[in-house]
Amino acid sequence: MAHLRSRRRLALAVPVALTLTASLGFLPVAAHAAPRAGSTAQAADTENFAYLVNTKTDHHTIESVKKAIAAAGGTVVVAYDKIGVIVVHSTNPAFAQQIRKAPGVQSAGASRTSPVTAAGTTDEGAVQYLSKAEAAKIAGSSTAGEEPLEADQWDLRAIGADKAAKVDPGSKDVTVAVIDVGVDDTHPDIAPNFSASQSANCVSGKADTTYGSWRPVDADHYHGTHVAGEIAAARNGIGVAGVAPGVKVAGITVAQPDANQLFFPESVVCAFVFAADHGVEVTNNSYYVDPWQYNCMDDPDQRAIVDSVNRAQLYAQRKGTLNVAAAGNSNNDLDSNALVDASSPDDSTAVTRTVDPHKCFDVPTQLPGVVTVSATGVTGAKSYYSSYGDGVIDVAAPGGDKYKIPDTPSKNGRILSTLPNNSYGFLQGTSMATPHVAAVAALLKSTHPWATPAQLQALLKAQADNPGCPTDPYDGNGDGVVDATCVGGKRINGFYGFGIVNALRAVK
């Protein structure tokens with residue numbers, strides 16, 4: 001599976017590229033990326049590739065572009081007329097170059113570098129399943145009024161979620177959609193709060209609402225179920241508790257069903273539009289859009305990806321949806337001038353490249369209005385893997401850290417939550433921090449039902465606790481080497497943004 005994300009200075013460097021809701025068409029035409037082995041430029045005529053075509057939103061332009069798509073050998077999979085994004089499949093290796101010349105096309109490019117076949121998440125390391133013996137040990141340490149496994153949920157106590165649940169567990173009128181690899185809604189901790197009417201499968205780029213389509217294809221697709229439990233596992237006396245155990249949770253599947261579990265942009269576009277059109281208040285995005293960890297605006301394919309996903313997430317914001325996303329697990333300074341990306345493209349042959357994160361964007365976390373989340377461990381310090389950056393991180397939350405050992409029955413510094421097939425297990429990553437923030441945002445929405453996405457983000461920042469930059473050099477893994485440098489002050493800094501979110505303050 002792939003991983004991460006980033007973001008910075010949207011008011012300065014990014015707006016030229018991103019803040020228009022309609023298009024990037026006014027930007028100068030970028031130079032074409034050099035063809036690689038396995039790229040669309042060298043694809044055989046029989047290989048079917050996926051493309052994103054972005055246009056103006058008027059009916060005449062869209063219909064004209066659809067005719068041009070057909071003339072260039074493309075087949076429309078789905079057209080999102082309201083945002084001017086058309087998902088296309090074509091076996092014509094020159095399709096992208098041809099369609100960019102069509103009147104009304106503002107940007108267009110391949111959404112992947114490998115052919116369509118009949119994403120990467122931001123968890124760090126493999127899942128650790130909880131055995132029955134371990135579960136029994138934890139349950140024996142729980143106190144009256146706690147869930148059986150809550151003694152191991154140090155993360156709830158770290159942000160006051162255990163106390164918040166006694167004040168206000170959240171409203172059934174608020175839904176958090178988990179855009180991910182699928183959610184097992186049959187899990188007894190998730191079933192009471194699951195919203196099937198706001199769930200779908202968007203893998204093809206077109207929403208499939210067939211009952212159960214949102215479920216993971218197998219137990220290895222566990223990531224979304226873990227995230228969903230962190231958000232809204234019910235306090236029902238069965239297993240764990242979520243940060244917002246009274247709100248609803250939905251599942252929108254966007255990951256490919258194979259072992260790589262990639263999150264392609266057409267799937268994510270579908271997810272944002274579906275969530276917005278079905279009244280979702282908050283989306284959780286613990287992934288980056290494949291195949292590029294960073295999408296550089298001087299490449300027409302990557303530029304089209306940024307344009308398409310941005311249109312979709314801005315549409316969601318306009319409809320009242322707050323989008324929350326993970327900062328990534330590379331321990332990168334996302335405000336630096338240069339980062340090494342050795343993982344892209346992750347759907348074919350990766351090529352090591354150096355990128356400027358102010359010009360090459362991690363999607364969706366670096367898009368305007370998206371809440372970017374870093375991770376902390378049990379001590380409240382930045383997790384060793386969490387990316388960071390002054391002006392990049394909005395808020396932080398518990399994501400787990402194997403080097404920071406809590407005083408819990410299992411002594412496990414990762415995050416315990418639900419897994420498919422009525423199981424439980426530990427994961428760590430900014431993937432785990434993000435649902436804590438999404439859940440606190442849901443609590444805020446429950447308390448302030450008329451709050452807009454921008455107001456919710458402001459409230460998240462206002463109620464956060466900021467520990468400030470560490471006074472000693474940061475050595476995340478304890479090997480004696482300085483791993484990161486925190487820039488900023490007590491109010492806002494590169495490690496924690498405005499601070500670690502606080503569930504108890506959210507409900508008060």
# chains A, B, ... in the order shown; residues from 1 in each chain; ligands from 1

$ residues_around --residues "Asp208 of chain A" --least-positions-apart "3" --cutoff "12 Å" --atoms "only C-alpha atoms" --output "PyMOL selection string"
chain A and resi 78+197-205+211-215+251-254+267+270-271+274

$ write_last_selection --atoms "C-alpha atoms" --output "mmCIF file, in the first residue's frame"
data_model
loop_
_atom_site.group_PDB
_atom_site.id
_atom_site.type_symbol
_atom_site.label_atom_id
_atom_site.label_comp_id
_atom_site.auth_asym_id
_atom_site.auth_seq_id
_atom_site.Cartn_x
_atom_site.Cartn_y
_atom_site.Cartn_z
ATOM 1 C CA VAL A 78 -19.222 9.177 -15.683
ATOM 2 C CA SER A 197 -27.922 5.376 2.961
ATOM 3 C CA GLN A 198 -24.768 7.542 2.964
ATOM 4 C CA SER A 199 -22.411 4.739 1.905
ATOM 5 C CA ALA A 200 -21.266 3.553 -1.527
ATOM 6 C CA ASN A 201 -18.510 2.008 -3.619
ATOM 7 C CA CYS A 202 -16.733 4.574 -5.820
ATOM 8 C CA VAL A 203 -13.890 2.398 -7.111
ATOM 9 C CA SER A 204 -14.934 2.715 -10.781
ATOM 10 C CA GLY A 205 -15.351 6.472 -10.505
ATOM 11 C CA TYR A 211 -26.365 -2.836 -0.431
ATOM 12 C CA GLY A 212 -23.046 -3.926 1.071
ATOM 13 C CA SER A 213 -20.959 -2.503 -1.791
ATOM 14 C CA TRP A 214 -19.012 -0.424 0.755
ATOM 15 C CA ARG A 215 -17.693 -3.450 2.616
ATOM 16 C CA GLY A 251 -18.209 4.036 4.317
ATOM 17 C CA ILE A 252 -17.258 5.148 0.811
ATOM 18 C CA THR A 253 -14.914 2.622 -0.774
ATOM 19 C CA VAL A 254 -12.307 4.054 -3.140
ATOM 20 C CA SER A 267 -12.574 7.192 -7.250
ATOM 21 C CA CYS A 270 -16.706 10.258 -6.898
ATOM 22 C CA ALA A 271 -16.420 9.966 -3.121
ATOM 23 C CA PHE A 274 -21.284 11.441 -3.266
#

$ residues_around --residues "Asn92 of chain A" --least-positions-apart "2" --cutoff "8 Å" --atoms "only C-alpha atoms" --output "PyMOL selection string"
chain A and resi 45+48+72-74+90+94-95

$ write_last_selection --atoms "N, CA, C and O atoms" --output "compact mmCIF listing (two decimals), in the first residue's frame"
# COMPACT_ATOMS: atom_id res chain seq x y z
N ASP A 45 -1.87 0.02 -28.25
CA ASP A 45 -3.21 0.47 -28.62
C ASP A 45 -4.30 -0.32 -27.91
O ASP A 45 -5.42 0.18 -27.76
N ASN A 48 -6.18 -0.21 -22.06
CA ASN A 48 -7.23 0.74 -21.71
C ASN A 48 -6.78 1.57 -20.51
O ASN A 48 -6.53 1.04 -19.44
N ALA A 72 -11.87 11.32 -30.10
CA ALA A 72 -10.48 10.98 -29.79
C ALA A 72 -10.34 9.53 -29.32
O ALA A 72 -9.26 9.12 -28.89
N GLY A 73 -11.42 8.77 -29.39
CA GLY A 73 -11.35 7.36 -29.01
C GLY A 73 -11.58 7.11 -27.55
O GLY A 73 -11.14 6.07 -27.02
N GLY A 74 -12.30 8.00 -26.87
CA GLY A 74 -12.57 7.82 -25.45
C GLY A 74 -14.01 7.42 -25.18
O GLY A 74 -14.90 7.70 -25.98
N SER A 90 -9.88 5.07 -22.38
CA SER A 90 -9.50 5.08 -23.80
C SER A 90 -8.32 4.15 -24.05
O SER A 90 -7.43 4.03 -23.20
N ALA A 94 -2.63 8.38 -27.55
CA ALA A 94 -2.49 9.83 -27.73
C ALA A 94 -3.74 10.58 -27.27
O ALA A 94 -3.91 11.76 -27.56
N PHE A 95 -4.61 9.90 -26.52
CA PHE A 95 -5.88 10.51 -26.14
C PHE A 95 -5.68 11.83 -25.39
O PHE A 95 -6.33 12.84 -25.70

$ select_by_dssp --residues "segment 270-435 of chain A" --states "alpha helix (DSSP H)" --output "compact mmCIF listing (two decimals) with N, CA and C atoms, in the first residue's frame"
# COMPACT_ATOMS: atom_id res chain seq x y z
N CYS A 270 -15.39 10.85 -7.13
CA CYS A 270 -16.71 10.26 -6.90
C CYS A 270 -17.08 10.32 -5.43
N ALA A 271 -16.14 10.02 -4.55
CA ALA A 271 -16.42 9.97 -3.12
C ALA A 271 -16.79 11.33 -2.56
N PHE A 272 -16.04 12.35 -2.92
CA PHE A 272 -16.34 13.70 -2.42
C PHE A 272 -17.72 14.17 -2.90
N VAL A 273 -18.01 13.93 -4.17
CA VAL A 273 -19.30 14.35 -4.72
C VAL A 273 -20.43 13.58 -4.06
N PHE A 274 -20.25 12.26 -3.90
CA PHE A 274 -21.28 11.44 -3.27
C PHE A 274 -21.53 11.89 -1.83
N ALA A 275 -20.46 12.12 -1.08
CA ALA A 275 -20.60 12.54 0.31
C ALA A 275 -21.37 13.86 0.39
N ALA A 276 -21.00 14.80 -0.47
CA ALA A 276 -21.66 16.10 -0.46
C ALA A 276 -23.14 15.99 -0.81
N ASP A 277 -23.45 15.19 -1.81
CA ASP A 277 -24.84 15.06 -2.27
C ASP A 277 -25.71 14.23 -1.32
N PRO A 300 1.24 17.76 -17.15
CA PRO A 300 -0.18 17.90 -17.46
C PRO A 300 -1.06 16.81 -16.86
N ASP A 301 -0.54 15.60 -16.72
CA ASP A 301 -1.33 14.54 -16.10
C ASP A 301 -1.56 14.83 -14.62
N GLN A 302 -0.48 15.17 -13.92
CA GLN A 302 -0.59 15.44 -12.49
C GLN A 302 -1.40 16.71 -12.24
N ARG A 303 -1.28 17.67 -13.10
CA ARG A 303 -2.05 18.90 -12.99
C ARG A 303 -3.55 18.62 -13.10
N ALA A 304 -3.92 17.71 -14.00
CA ALA A 304 -5.33 17.35 -14.17
C ALA A 304 -5.86 16.65 -12.93
N ILE A 305 -5.02 15.85 -12.26
CA ILE A 305 -5.42 15.18 -11.03
C ILE A 305 -5.73 16.20 -9.94
N VAL A 306 -4.81 17.16 -9.77
CA VAL A 306 -5.03 18.21 -8.77
C VAL A 306 -6.33 18.96 -9.06
N ASP A 307 -6.53 19.32 -10.31
CA ASP A 307 -7.71 20.07 -10.73
C ASP A 307 -8.98 19.29 -10.41
N SER A 308 -9.03 18.03 -10.80
CA SER A 308 -10.24 17.23 -10.64
C SER A 308 -10.61 17.02 -9.17
N VAL A 309 -9.64 16.57 -8.38
CA VAL A 309 -9.93 16.30 -6.97
C VAL A 309 -10.26 17.59 -6.23
N ASN A 310 -9.57 18.68 -6.60
CA ASN A 310 -9.86 19.95 -5.95
C ASN A 310 -11.28 20.43 -6.25
N ARG A 311 -11.72 20.27 -7.47
CA ARG A 311 -13.10 20.65 -7.81
C ARG A 311 -14.09 19.87 -6.94
N ALA A 312 -13.82 18.58 -6.78
CA ALA A 312 -14.73 17.74 -6.02
C ALA A 312 -14.76 18.09 -4.54
N GLN A 313 -13.58 18.31 -3.95
CA GLN A 313 -13.56 18.60 -2.52
C GLN A 313 -14.08 20.01 -2.24
N LEU A 314 -13.88 20.94 -3.14
CA LEU A 314 -14.45 22.28 -2.98
C LEU A 314 -15.97 22.23 -3.10
N TYR A 315 -16.45 21.40 -4.01
CA TYR A 315 -17.89 21.20 -4.13
C TYR A 315 -18.47 20.69 -2.81
N ALA A 316 -17.75 19.74 -2.20
CA ALA A 316 -18.20 19.22 -0.91
C ALA A 316 -18.22 20.32 0.16
N GLN A 317 -17.19 21.13 0.17
CA GLN A 317 -17.16 22.23 1.14
C GLN A 317 -18.33 23.18 0.94
N ARG A 318 -18.63 23.50 -0.32
CA ARG A 318 -19.74 24.42 -0.59
C ARG A 318 -21.07 23.82 -0.15
N THR A 430 -0.51 8.60 10.79
CA THR A 430 -1.38 9.78 10.68
C THR A 430 -2.76 9.36 10.22
N SER A 431 -2.87 8.14 9.66
CA SER A 431 -4.19 7.55 9.37
C SER A 431 -5.03 7.42 10.62
N MET A 432 -4.38 7.17 11.75
CA MET A 432 -5.10 6.99 13.01
C MET A 432 -5.35 8.33 13.70
N ALA A 433 -4.49 9.30 13.46
CA ALA A 433 -4.69 10.63 14.03
C ALA A 433 -5.88 11.34 13.37
N THR A 434 -6.01 11.17 12.07
CA THR A 434 -7.04 11.88 11.32
C THR A 434 -8.46 11.58 11.80
N PRO A 435 -8.83 10.31 12.05
CA PRO A 435 -10.19 10.06 12.54
C PRO A 435 -10.46 10.65 13.92

$ residues_around --residues "Pro398 of chain A" --least-positions-apart "6" --cutoff "7 Å" --atoms "only C-alpha atoms" --output "list in words"
Asp155, Ala375, Thr376, Gly377 and Ala433 of chain A

$ write_last_selection --atoms "N, CA, C and O atoms" --output "tab-separated table (two decimals), in the first residue's frame"
chain	number	residue	atom	x	y	z
A	155	ASP	N	-5.65	6.78	23.96
A	155	ASP	CA	-5.90	7.91	23.07
A	155	ASP	C	-7.18	8.66	23.43
A	155	ASP	O	-7.26	9.88	23.28
A	375	ALA	N	0.44	13.50	13.79
A	375	ALA	CA	0.18	12.47	14.79
A	375	ALA	C	1.04	12.64	16.04
A	375	ALA	O	2.19	13.10	15.96
A	376	THR	N	0.47	12.23	17.18
A	376	THR	CA	1.19	12.26	18.45
A	376	THR	C	1.11	10.89	19.12
A	376	THR	O	0.24	10.08	18.82
A	377	GLY	N	2.01	10.66	20.08
A	377	GLY	CA	2.00	9.45	20.89
A	377	GLY	C	1.45	9.71	22.27
A	377	GLY	O	0.91	10.79	22.55
A	433	ALA	N	-4.49	9.30	13.46
A	433	ALA	CA	-4.69	10.63	14.03
A	433	ALA	C	-5.88	11.34	13.37
A	433	ALA	O	-6.68	12.00	14.04

$ closest_residue --among "A:Ser410, A:Asn329, A:Thr75, A:Asn421" --to "Val373 of chain A" --atoms "only C-alpha atoms"
A:Asn329

$ residues_around --residues "Arg112 of chain A" --least-positions-apart "6" --cutoff "10 Å" --atoms "only C-alpha atoms" --output "tab-separated table (two decimals) with C-alpha atoms, in the first residue's frame"
chain	number	residue	atom	x	y	z
A	39	SER	CA	3.51	5.31	-19.28
A	40	THR	CA	0.57	6.25	-21.47
A	49	PHE	CA	-6.22	3.78	-19.62
A	50	ALA	CA	-8.24	6.04	-17.33
A	51	TYR	CA	-8.29	9.81	-17.84
A	52	LEU	CA	-9.70	12.91	-16.18
A	264	PHE	CA	-7.01	6.56	-7.85
A	265	PRO	CA	-8.28	10.12	-8.38
A	266	GLU	CA	-11.49	9.29	-10.25
A	290	ASP	CA	-2.35	7.52	-6.13
A	291	PRO	CA	-0.26	7.14	-8.20
A	292	TRP	CA	1.70	10.29	-7.29
A	301	ASP	CA	-1.33	14.54	-16.10
A	302	GLN	CA	-0.59	15.44	-12.49
A	305	ILE	CA	-5.42	15.18	-11.03
A	345	PRO	CA	4.32	6.48	-9.58
A	346	ASP	CA	3.25	3.64	-7.30
A	347	ASP	CA	1.14	1.83	-9.91
A	348	SER	CA	4.07	1.06	-12.26

$ closest_residue --among "A:Ala96, A:Val482, A:Cys296, A:Leu367" --to "Thr354 of chain A" --atoms "only C-alpha atoms"
A:Cys296

$ select_by_dssp --residues "segment 209-451 of chain A" --states "strand (DSSP E)" --output "ChimeraX atom specification"
/A:248-253,282-285,287-288,295-296,322-326,339-341,353-355,360-361,371-376,395-398,415-419,423-427

$ closest_residue --among "A:Val268, A:Ala233, A:Ala177, A:Leu504" --to "Leu419 of chain A" --atoms "only C-alpha atoms"
A:Ala233

$ closest_residue --among "A:Ala164, A:Val280, A:Val269, A:Ala108" --to "Val507 of chain A" --atoms "only C-alpha atoms"
A:Ala164
